[in-house]
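Below you'll find the structure, written out as structure tokens, and then a few comments.
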2 protein chains.
Amino acid sequence: MGLVTKIARLGSVPLYLQIATTLRRRLEAGRWVAGSKISTIEELQSEFKVARVTVRQALELLEREGLLRCQQGKGTFVSENLGERRWLKVAPTWRSQLDILKEAAASFVSRDMAPPRPRLGPDEGKPAAAYVLLRSVESRDGEPFGIVHLHLAKHVYARDRSAFRNRPALAVLVEMPGVAIARARQTLVIGRADAETARLLHIAPDAPTAEARWVILDKAGVAVCVAAITYRGDLIKLEIDLPAPSGRELPRPRQASRRSRAQ
Amino acid sequence: MGLVTKIARLGSVPLYLQIATTLRRRLEAGRWVAGSKISTIEELQSEFKVARVTVRQALELLEREGLLRCQQGKGTFVSENLGERRWLKVAPTWRSQLDILKEAAASFVSRDMAPPRPRLGPDEGKPAAAYVLLRSVESRDGEPFGIVHLHLAKHVYARDRSAFRNRPALAVLVEMPGVAIARARQTLVIGRADAETARLLHIAPDAPTAEARWVILDKAGVAVCVAAITYRGDLIKLEIDLPAPSGRELPRPRQASRRSRAQ
DNA sequence: CTCAATTTGTTCGTATGTATG
DNA sequence: ACATACATACGAACAAATTGA
């Protein structure tokens with residue numbers, strides 16, 4: 001392959017990490033089938049225009065991650081078991097949200113009985129009279145996957161303190177009789193782990209995270225729950241099913257056959 | 001503040017970048033109100049246990065990003081206009097997907113008339129007889145926000161070549177008469193920019209990205225479109241509205257009043 | 001007005017890690 | 001392995017702007 005992939009050291013990320021990222025992407029995109037031999041170090045060295053040692057640093061990293069197997073005299077091979085990560089599958093339904101929590105174990109971090117009020121956007125309802133702030137780390141199979149900052153209306157918390165201490169708050173809230181949830185909005189943006197987050201989630205500093213914000217309104221339009229959840233970015237998989245598009249959803253009614261305008 | 005936030009250099013991310021990430025998170029989480037003065041360099045220096053110069057590097061970065069204003073003799077202040085980024089708002093509806101594309105300009109990169117078949121999962125329909133591979137970069141206001149790799153069934157492409165060259169393919173496909181879309185599935189995971197991606201999207205290597213995969217099936221269950229879109233991670237905002245949860249969606253029927261079990 | 005305290009801005013020398021050939 | 005180049009990080013000192021006594 002005469003391919004040249006330009007890599008520049010602009011003052012931030014070390015070269016060998018960039019090359020590792022590039023190769024990891026190729027592996028995960030399925031460029032090579034599992035078990036097969038990938039390019040030789042010499043090929044990679046000339047593709048990326050870096051020194052042999054730098055390529056090796058990248059390969060060593062991926063070998064430690066279990067993505068590759070390097071064998072002297074033979075070559076570098078894609079691991080067999082590649083392909084199925086254990087994703088946290090998120091879909092825009094209550095069901096999927098609760099499924100995630102079902103497997104989760106919450107390790108309680110702290111409780112603040114008089115926290116500052118959560119800030120609410122214009123479309124996020126009225127604040128409750130008082131809140132409790134619960135902080136916890138959610139884990140699956142002993143591996144932490146999310147950090148939860150949860151503002152819970154005090155009058156809701158008071159209904160069943162023990163449940164809120166022992167089970168994921170969202171699950172408790174949904175099942176709670178007498179608290180009618182009228183609407184919930186979840187927004188999700190992508191961020192990066194600061195040092196504290198990285199430590200709690202067992203990821204590298206600056207690694208991608210998914211930051212979810214939940215606002216749950218009761219029938220009176222009061223925000224009974226305002227939560228910020230920071231997930232490990234490498235575990236989140238969002239699955240969105242779209243039904244057949246209806247005419248209403250099209251930008252403008254299509255003009256049957258006349259639409260092949262010159263252009 | 002006697003707070004100490006531990007930051008370690010383990011051989012990957014420079015300290016000043018980690019500190020910048022931490023402060024950026026604090027700013028975006030609203031720890032300080034817009035316009036107010038943040039901690040002095042000396043305070044940050046002792047919180048993070050680093051040298052003065054290192055803190056300054058982080059502050060300079062955030063100042064260039066427009067989040068902070070540093071003023072000699074006075075202090076460092078949060079920018080006034082903080083808070084509203086121009087998000088690409090994604091919701092699980094056709095409407096929102098098409099809205100994004102409406103503002104977008106596609107700059108065409110390449111076309112491959114005989115690409116390898118896209119790989120389809122077990123639940124992703126039957127492959128079409130042949131595909132065309134279109135590659136493009138989507139921009140908004142001159143700023144690129146996404147890279148598109150689009151496998152399009154050849155018989156669909158043939159219906160209106162010029163439209164597919166000039167407009168976002170997804171929009172063309174949805175509006176196309178005679179191609180009845182039965183189902184579309186979008187999955188979204190978080191990744192990182194390799195060198196090539198970083199260059200095309202004007203972001204740093206290793207910066208977070210959102211990687212969307214679209215599979216669109218026609219009535220016969222044929223995958224007429226298989227697309228991989230890599231978005232800039234810092235522009236994506238997912239908005240999910242959940243209606244009032246119904247009884248069906250709860251893990252198990254709640255037991256009216258008996259549920260305050262000791263625990 | 002002057003002075004001192006506070007706070008950001010700048011520079012020097014040195015040490016260490018990364019990458020090259 | 002070695003010599004070279006550059007980025008990162010430290011500590012310390014000094015300069016310049018701002019504030020209030």
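Residues in the structure tokens are numbered from 1 in each chain, the chains being A, B, ... in the order shown, and ligands are numbered from 1 in the order shown.
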Next item on the list: Please determine the contact residues of chain A with respect to chain C at a cut-off of 10 Å, counting only C-alpha atoms (C1' of nucleotides), and supply them as number ranges by chain.
Entry: A: 9, 14-16, 50-54
Next item on the list: Can you check which residues of chain D have any atom within 10 Å of chain A? Use only C-alpha atoms (C1' of nucleotides) and format it as a list in words.
Entry: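 Those within range of chain A come out as DC6, DA7 and DT8 of chain D.
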Return as JSON lines the residues of chain A lying at most 6 Å from chain B, together with the closest atom-to-atom pair for each and the distance in Å to one decimal, counting only C-alpha atoms, with rows in chain order and ascending residue number.
{"residue": "A:Ile7", "atom": "CA", "partner": "B:Ala195", "partner_atom": "CA", "distance": 5.8}
{"residue": "A:Thr21", "atom": "CA", "partner": "B:Asp194", "partner_atom": "CA", "distance": 5.8}
{"residue": "A:Thr22", "atom": "CA", "partner": "B:Asp194", "partner_atom": "CA", "distance": 4.8}
{"residue": "A:Arg95", "atom": "CA", "partner": "B:Glu249", "partner_atom": "CA", "distance": 5.4}
{"residue": "A:Ile181", "atom": "CA", "partner": "B:Ala244", "partner_atom": "CA", "distance": 5.5}
{"residue": "A:Ala182", "atom": "CA", "partner": "B:Ala244", "partner_atom": "CA", "distance": 4.9}
{"residue": "A:Arg183", "atom": "CA", "partner": "B:Pro243", "partner_atom": "CA", "distance": 5.2}
{"residue": "A:Ala184", "atom": "CA", "partner": "B:Leu242", "partner_atom": "CA", "distance": 5.1}
{"residue": "A:Arg185", "atom": "CA", "partner": "B:Asp241", "partner_atom": "CA", "distance": 4.6}
{"residue": "A:Gln186", "atom": "CA", "partner": "B:Ile240", "partner_atom": "CA", "distance": 5.0}
{"residue": "A:Thr187", "atom": "CA", "partner": "B:Glu239", "partner_atom": "CA", "distance": 4.5}
{"residue": "A:Leu188", "atom": "CA", "partner": "B:Leu238", "partner_atom": "CA", "distance": 4.8}
{"residue": "A:Val189", "atom": "CA", "partner": "B:Lys237", "partner_atom": "CA", "distance": 4.9}
{"residue": "A:Ile190", "atom": "CA", "partner": "B:Gly233", "partner_atom": "CA", "distance": 5.8}
{"residue": "A:Asp194", "atom": "CA", "partner": "B:Thr22", "partner_atom": "CA", "distance": 4.8}
{"residue": "A:Ala195", "atom": "CA", "partner": "B:Ile7", "partner_atom": "CA", "distance": 6.0}
{"residue": "A:Pro208", "atom": "CA", "partner": "B:Pro208", "partner_atom": "CA", "distance": 5.5}
{"residue": "A:Gly233", "atom": "CA", "partner": "B:Ile190", "partner_atom": "CA", "distance": 5.8}
{"residue": "A:Lys237", "atom": "CA", "partner": "B:Val189", "partner_atom": "CA", "distance": 4.9}
{"residue": "A:Leu238", "atom": "CA", "partner": "B:Leu188", "partner_atom": "CA", "distance": 4.8}
{"residue": "A:Glu239", "atom": "CA", "partner": "B:Thr187", "partner_atom": "CA", "distance": 4.5}
{"residue": "A:Ile240", "atom": "CA", "partner": "B:Gln186", "partner_atom": "CA", "distance": 5.0}
{"residue": "A:Asp241", "atom": "CA", "partner": "B:Arg185", "partner_atom": "CA", "distance": 4.6}
{"residue": "A:Leu242", "atom": "CA", "partner": "B:Ala184", "partner_atom": "CA", "distance": 5.1}
{"residue": "A:Pro243", "atom": "CA", "partner": "B:Arg183", "partner_atom": "CA", "distance": 5.2}
{"residue": "A:Ala244", "atom": "CA", "partner": "B:Ala182", "partner_atom": "CA", "distance": 4.9}
{"residue": "A:Glu249", "atom": "CA", "partner": "B:Arg95", "partner_atom": "CA", "distance": 5.4}
Check: Which distance in Å separates CA of Met113 in chain B and CA of His149 in chain B, to one decimal?
Finding: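 Rounded to one decimal, the two atoms are 13.2 Å apart.
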Margin query: Could you pull out the helix (DSSP H, G or I) residues of range 10-252 of chain A, going by DSSP on the backbone, and write them as an MDAnalysis selection string?
Written below: chainID A and resid 15:28 41:48 52:64 94:103 154:157 161:166 169:175 195:201 247:249
Item checked: One-decimal distance in Å that lies between CA of Ile41 in chain A and CA of Arg56 in chain A -> 7.3 Å
Next item on the list: Determine which residues of range 134-191 of chain B DSSP labels as strand (DSSP E) from the backbone of this structure, then write them out as a ChimeraX atom specification.
Entry: /B:134-140,143-153,181-191
Notebook entry, point to check: How far is it from CA of Arg31 in chain B to CA of Pro118 in chain A, in Å with one decimal?
Noted result: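 Atom-to-atom, CA of Arg31 in chain B to CA of Pro118 in chain A, that is 11.2 Å.
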Margin query: With only C-alpha atoms (C1' of nucleotides) as the counted atoms, please give the residues lying no more than 7 Å from Cys225 in chain B, apart from itself and same-chain residues fewer than 2 positions off, as a PyMOL selection string.
Written below: chain B and resi 151-153+215-216+223+227
Based on the selection just made, write N, CA and C atoms of those residues as a PDB file, in the first residue's frame.
ATOM      1  N   HIS B 151     -23.405   4.141   1.922  1.00  0.00           N
ATOM      2  CA  HIS B 151     -23.653   3.079   0.950  1.00  0.00           C
ATOM      3  C   HIS B 151     -25.097   3.189   0.502  1.00  0.00           C
ATOM      4  N   LEU B 152     -25.298   3.388  -0.776  1.00  0.00           N
ATOM      5  CA  LEU B 152     -26.641   3.569  -1.298  1.00  0.00           C
ATOM      6  C   LEU B 152     -26.887   2.486  -2.342  1.00  0.00           C
ATOM      7  N   ALA B 153     -28.045   1.847  -2.243  1.00  0.00           N
ATOM      8  CA  ALA B 153     -28.363   0.804  -3.227  1.00  0.00           C
ATOM      9  C   ALA B 153     -28.312   1.421  -4.625  1.00  0.00           C
ATOM     10  N   VAL B 215     -29.256   2.458   9.144  1.00  0.00           N
ATOM     11  CA  VAL B 215     -29.624   1.400   8.220  1.00  0.00           C
ATOM     12  C   VAL B 215     -31.087   1.629   7.868  1.00  0.00           C
ATOM     13  N   ILE B 216     -31.348   1.819   6.580  1.00  0.00           N
ATOM     14  CA  ILE B 216     -32.709   2.106   6.138  1.00  0.00           C
ATOM     15  C   ILE B 216     -33.211   0.958   5.268  1.00  0.00           C
ATOM     16  N   ALA B 223     -31.787  -3.412   2.592  1.00  0.00           N
ATOM     17  CA  ALA B 223     -31.096  -2.245   3.144  1.00  0.00           C
ATOM     18  C   ALA B 223     -30.712  -1.312   1.997  1.00  0.00           C
ATOM     19  N   ALA B 227     -25.358   3.958   6.242  1.00  0.00           N
ATOM     20  CA  ALA B 227     -24.477   5.119   6.339  1.00  0.00           C
ATOM     21  C   ALA B 227     -23.735   5.146   7.654  1.00  0.00           C
TER      22      ALA B 227
END
Item checked: Given only C-alpha atoms (C1' of nucleotides) as the counted atoms, nearest of B:Arg86, B:Arg64, B:Arg69, B:Lys74 to DA16 in chain D ->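 Checking each candidate against DA16 in chain D, we get B:Lys74 as the closest.
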